[in-house]
Structure formats: structure tokens, C-alpha cells
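S.K.: Structure incoming, see below.
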Amino acid sequence: MTDTSAILTHLKAEQTETDAAGHGINAEEWNRLVTRLERQPNLVELGIYSVMWSEHCSYKSSRRHLSKFPTKNDRVIQGPGENAGVIDIGDGQAAIFKMESHNHPSYIEPYQGAATGVGGILRDVFTMGARPIALVNALRFGSPDHPKTRSLVAGVVSGIGGYGNCVGVPTVAGETQFDEGYNGNILVNAMAVGLADQDKIFYARGATPGNPIFYVGSKTGRDGIHGATMASAEFSEGDEEKRPTVQVGDPFTEKLLIEACLELMATDAIQAIQDMGAAGLTSSSVEMADSGGENGEGIGVEMDLDKVPQRETGMTAYEIMLSESQERMLMVLYPDKIETAKAIFEKYDLDAEVIGMTTDSGHMVLKQFGEVVCDIPVAPLAEDAPNYDRPWIEPKVRQPFDVSKYPEPEDYGEVLLKLMSSPDMASKRWIWEQYDRHVMGDTIDSSQSMGDAAIVRIHGTNKALAICSDCNPHYVAADPYEGGKAVVAEAYRNLSAVGATPIAITDNLNFGNPEKPATMGYIVKAIEGMAEACRALDFPVVSGNVSLYNETDGKAIPPTPVVGGVGLIEDVSKVATLKGAQEGDLLFLIGADGGHLGASLYAREWLGLKEEALGPPPGVDLDEAKHTGEGIRKLVESGLLQAVHDVSDGGVACTVAEIAMAAGLGAEVFGPEDGRAGYLFGEDQNRYVVAVPPSNADGIHKTLSSTGLQYTQVGTLKSDTIDFVLVGSAPQSISLATLRDAHEGWLPRYMTGE
């Protein structure tokens, strides 16, 4: 029998500054809290403040800098501030998308951490009335030599596949990198894209007083309590003991929840809706209350926590409010629609209960066992959360990379073999073959087999969305401003490469401790570089996530601001992919000749350099990026190309090798007499390699001449071998079979311990 008196005494006990520190609230924040509340909080109230004022929920270290991002263009319907961003894709339809992190949970419990990351990002999308059509994941693991890496890869990949495959949404794009900087803190960034009619989009805002608050989905348990707070703190060795703060997911329940919510949305029963993600019932109710009212002035909420469906006995108000149990939603319904809603959720065998009412008090009032256990104003929880101007220092500028200090390779085939079989560049087939990429039947091409962007048809139409995920953390570490520009520019290139018009991005900014001025400098400059690129390319940020305190024992991860890009293809018959090249095709480099080896794959893998010795990244001319992207899209639309691939890691030589392997062919790669390494492996920006049938050569010359773009023939496609045909020397060759075995064999051999 539950001792309600003892529980209430515990919950209503006045808390101290020491108690607050244990909840992650510092002295300054404690003083702010007490001043706004005009008294000391009880335990329930302190718990609510702690999660709402956590870095994960309030963005207190980054909010003022995030405002630098452009968030609008002609196609943006909803920018940051809602569950996900919304863009106009024509014909009365909208694409809805967002990316979020599940980094700390995935390190502690890889399978469930990654699985619930997928579940959470799906809810952000279907909360707004969209049917999810695509999943993307951006993964960073530690060094392959680290003892935990192999098991973390296995667990995370299994979790992503287990959840996404079961819920029936294709995983179509992503990226996976390895670096010792992630040894103690891996990154799992999940993105979802959905489709909705523009006149049937649902928001968290808009609730008015006097309406029922409706809880739907799974029952509430004790899993995930203080998950948001845990995600806002550094790691230490041995923090696997934090497993109780990791949520447990059920994709089959999520599938039922998607269908039930979309069915209810068709009945005009919902006034406002919010998923229960980080901070669970607390954040969902606070965010709906704060954005409620006729003019968004905010409203109050009153909830009876005894009515919350619970799967464990003896749960307290503190636990109920902070639980991050999965597959749950919170809605404000119109009063006459309660029975309609209950009938729909009963059909899907999901819990559905009225747990409270919206009010005009401006307060959050919570009751348990018939007594008030929380009564706090909503506004300070949201609008008045701390907004720090953290001190920061300008990141150190690296000296230029001097390639003349290093001898030219004797065998460029050996260099290509080394780069193509390196952990970052090696095929990730072992990963993406575990994901269902074609469920729903609209995936035209996934980006995972070395492609630039996935292509997903908009069901029942001839249009498609192109989707990609990008970040080169080595560039950002070398120069966060130029590296930040490069992240956005690469997403723009990847969408353009398949013939899509880039529209908007979502982002996931992964950094270390913002209280350290050096780390904060990287955050500030990366955001400023990204923002400049977004403005120049008309490629705004419509949603996103910030993940800070990615550190272990004081050592931060490499700065990793990931971008998820979405573009529109008006006619899916006019696309280009990595695949499709034929023997005899001519290979043209669109853009300037290369030479920049600073912060490159060549410098890291072939020369074995690290950090300062790597030099700065390539600069990004944003006007040129836009001009070249427009030219590539024109070429794709013309139908003159067999294949397209943007030049990134490993330069022209690796780009040609990927086109050749995708076609099952070899290639001749042309090169100059001098500066061969830079020409072949340099990573200068704003460049693409295209495969053109000889019969279309005249058309290409005419089209490119009209655009004013620089272009050079860099090779031809042939059978069996990759040959380097270099001015002044005999050709060097590597067999396609040898290259393919090294490229595709590295990860399977690594995962089996061979």
C-alpha cells in the first residue's frame, strides 16, 4: 500500500541551493529561480526547473548565437520554434523535417539510445501532421583501435535498424566516420522527413483556456528520468552506470501511434499537439502553455497526475513529470471531441486519458493524491530561462599547409588504395544493408552506396525530395568559420548533384563544454560561417538541435556541426546519381583544378599528420558555390550526363574511383607533370565530376561554355583497372578488384575481428 502522506511530504519539501546544485542548477540560476518564484521551490518544482533550464531544453549557451541563422525564404512555411521545420514543395504539399541528437544515451546503452533517437525524431515530424517518409542518421565513432568502438558500432546500427525497420519508414541517407576524438563520446544524430498537406499542419501553439489536456500512447514508466539533464553534462569514465536515464523504445507501438494520430488529425479534434521527448510531460505541457492563447501570450495548465497512465506502481509526481518514456503524445482537444479521440486510440489499443485542463492562470498546477504538489508560473520556465553570453576566444589560425615538405608518392595507385580503404572512406555497406531502404516503395535512390543525396518520390506524383547529411569535422577543427561554411556548401552540392533545387536545412550542432572559452569560440565561429553560407546560398535553417557538453574527462569531441539538407526535384525523370556511367564515358571536372591538401584525407591518412600539422581547410567561395550548383542542375536537367558526384574527401581521384566502382568499371585518371598529389587528392571546394557519353561531348561543351564554368577532362571510363595517366611518366595501375576488396572489405572485416 502506497504511503501517500510520506510521498507528499517528500515532494513538497522545500529545496535548498545545495539541492539545486544536485539538479544541475548553479548559484546564479538558483537566485534567478527564487527571485521569480518569490519563494524556494519544492522537489517537484525544482525538478521541472532543472530540465526546462537544462542546456538540452533551453539552449542557454547558444540561443543568442542561433539567432544569427537566416530562417526564411520563399518556400519556408515554419522555421525554428516548433517541433520541426516546414517547407512548401508545391501543389499544396509541405515537407516537414528535423534532426536531433541522442549522443549520450547511445554511448551508455547503444541499442536503446540509437533506437529511441529514431523514435523521438519520428514523433517530431508526425506531431505536425506529416506522414514520415524517410530517415537519415549521421554517426561518429571513436578510433577503430579503441576497445569499445566495435561494440558501439554494432549496438547503434542494430538499434537504428531495429526501430526504423519495424516502424516501416525507410532509412535512406547518412554518414559514418571514425576518429579518436569520439572515443569517449560518440555521436548519433537522427533526422526524419515527412509529408503533409499545407492546410493540415498541426502546431504546439494555439491552445486556449478551458479545453481538455489529452494524454495518448504508451504508459509512463521510470525510464529516462533526468535524460535531458544527463544530456547537458560531461561524461566521466565509468558513466555507463547512467543506464537508468536511457529510454526504452517500442517501434510497434510507435507505428500504432503514428496511424492513430494521423487518423485523429483528420477529424479536426486537435487544437494543439506536442510529442513527449526530452523532459517528457514537463516540456510538452510547458511548451504548449507558453505558446498558447489567441496571440501566443501564454496560458496555464492544470493536471491531475493520478490520471496519467502508469506502468509502474508507486510513481511520484516528480517521476511522472520527468520520465522520458517513449511513444507518448500530449494534445489539447476541443471538448466535444473527447469521445471521438478515445474511440480512435482504443481501436489501436493505446492509452488515452484526459489528465487536465488548460486555464487562464498562466501557471502550471499539478496535483497528486488530491493535493497540489506544484504551482509555478509558466513564463519563467520558458521565456526567462538563462540566456548566457559565454566568454569566448578566437580559435587559433593554423599555418598554411606546405606540401613541398613531403615527397611525392611513387605509386598513386597505392595512395588511392590507402585512402579508399581508410575508416572514413571505406564502404559502409555493412551498415546500410541492415536498414530497410525501400519500404513504402518510393525510394528511388539512397545516398548510402557512396551517392550524394537520397531521392524519395513524393507518393503518387512525378516529384521527389532529395535528402542528405553532411559534416567534415576535420575542416571545422582546423578553421570553424571556413569549416562551417563548408558544411553548408557540401549539403548544397550534394542536393545539386542529383538535380534537386536546395531549399532548406536542419542542423545538429555537436560541441564540447561551452563554459570553456576555447570551445565557445568554435561554437560561435562555426555558427557564423554556417550562417554566412546559408544567406549566400538562400538555404535557411528551419529546425535543429544543439548538443553541448560532449566531453569525457575534460576532453571535447571534434567540433561537429552536422547539416541535413532537403531539396526538391520537380521531375523525377530528370535526375543524376553516382551510378549509371558506361564504359567509354568521358569524365569532366566541373570547377577549378585542385591543389589544396590542408586538413585533407590525404594529409591524414597518407602522410599520417594530425591537428596543427594538417594545416587549414580549403576556403569556400560562396558566389562560386551557388553559380556552380546552378550549372550542375542545368546539366542534369539537360539529360547530357550519365553520372554526377561532388568532389569532397580524397579529391578528384577518389571521386573518379567511386563513380567507376558504382558502374563496375575502371578508369583512366589524367594528371599533370607537377603538383600531382594536390591535383589528384586536393579537396578544393565547389567542384563536381560528371560522366558524359562521347556522343554528348559537343552538347556539354556548348552548355558549359554558356554557363561560364571552368571545366577539364580528367579521365575516361574503361574496364578492369584504375590507371593514372600522368604527364611525363608511364601509367600506374591498380586493379578494380583489389580496390573494391579493400574499399568494401574493411568494415566487414573490422566488425568480425579479422
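Residues are named by chain letter and number: chains run A, B, ... in the order of the C-alpha cells, numbers start at 1 in each chain, and ligands are numbered from 1 in the order shown.
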Neighbours of segment 687-696 of chain A within 8 Å (only C-alpha atoms; same-chain residues fewer than 3 positions away dropped), as an MDAnalysis selection string?

M.R.: chainID A and resid 497 581:582 584:592 628 640:647 652 655:656 684 699:700

S.K.: Can I get the residues of segment 354-449 of chain A within 12 Å of segment 23-41 of chain A, each with the closest pair of atoms and their distance in Å to one decimal, using only C-alpha atoms, sorted chain first then ascending number, as JSON lines?

M.R.:
```
{"residue": "A:His363", "atom": "CA", "partner": "A:Leu37", "partner_atom": "CA", "distance": 11.2}
{"residue": "A:Val373", "atom": "CA", "partner": "A:Pro41", "partner_atom": "CA", "distance": 10.3}
{"residue": "A:Cys374", "atom": "CA", "partner": "A:Pro41", "partner_atom": "CA", "distance": 8.6}
{"residue": "A:Asp375", "atom": "CA", "partner": "A:Pro41", "partner_atom": "CA", "distance": 9.3}
{"residue": "A:Ile376", "atom": "CA", "partner": "A:Leu37", "partner_atom": "CA", "distance": 7.1}
{"residue": "A:Pro377", "atom": "CA", "partner": "A:Leu37", "partner_atom": "CA", "distance": 7.7}
{"residue": "A:Val378", "atom": "CA", "partner": "A:Leu37", "partner_atom": "CA", "distance": 10.6}
{"residue": "A:Ala379", "atom": "CA", "partner": "A:Arg36", "partner_atom": "CA", "distance": 9.9}
{"residue": "A:Pro380", "atom": "CA", "partner": "A:Arg36", "partner_atom": "CA", "distance": 7.1}
{"residue": "A:Leu381", "atom": "CA", "partner": "A:Leu33", "partner_atom": "CA", "distance": 9.1}
{"residue": "A:Asp384", "atom": "CA", "partner": "A:Arg36", "partner_atom": "CA", "distance": 9.2}
{"residue": "A:Ala385", "atom": "CA", "partner": "A:Glu29", "partner_atom": "CA", "distance": 8.8}
{"residue": "A:Pro386", "atom": "CA", "partner": "A:Glu29", "partner_atom": "CA", "distance": 7.2}
{"residue": "A:Asn387", "atom": "CA", "partner": "A:Glu29", "partner_atom": "CA", "distance": 10.6}
{"residue": "A:Tyr388", "atom": "CA", "partner": "A:Glu29", "partner_atom": "CA", "distance": 10.9}
```

S.K.: Could you jot down the atom CA of Gln177 of chain A to atom CA of Gly142 of chain A separation for me, Å, one decimal place?

M.R.: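 That distance, rounded to one decimal, is 8.4 Å.
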
S.K.: Fewer than 4 positions away in the same chain doesn't count, so skip those; otherwise give me all residues within 9 Å of segment 181-185 of chain A, counting only C-alpha atoms, as a PyMOL selection string.

M.R.: chain A and resi 103-104+106-107+140-143+146+148-149+235-237+550-553+555-558

S.K.: Going by DSSP on the backbone, which residues of segment 163-407 of chain A come out as alpha helix (DSSP H)? List them as a PyMOL selection string.

M.R.: chain A and resi 163-167+227-230+251-265+280-290+317-322+338-347+378-382
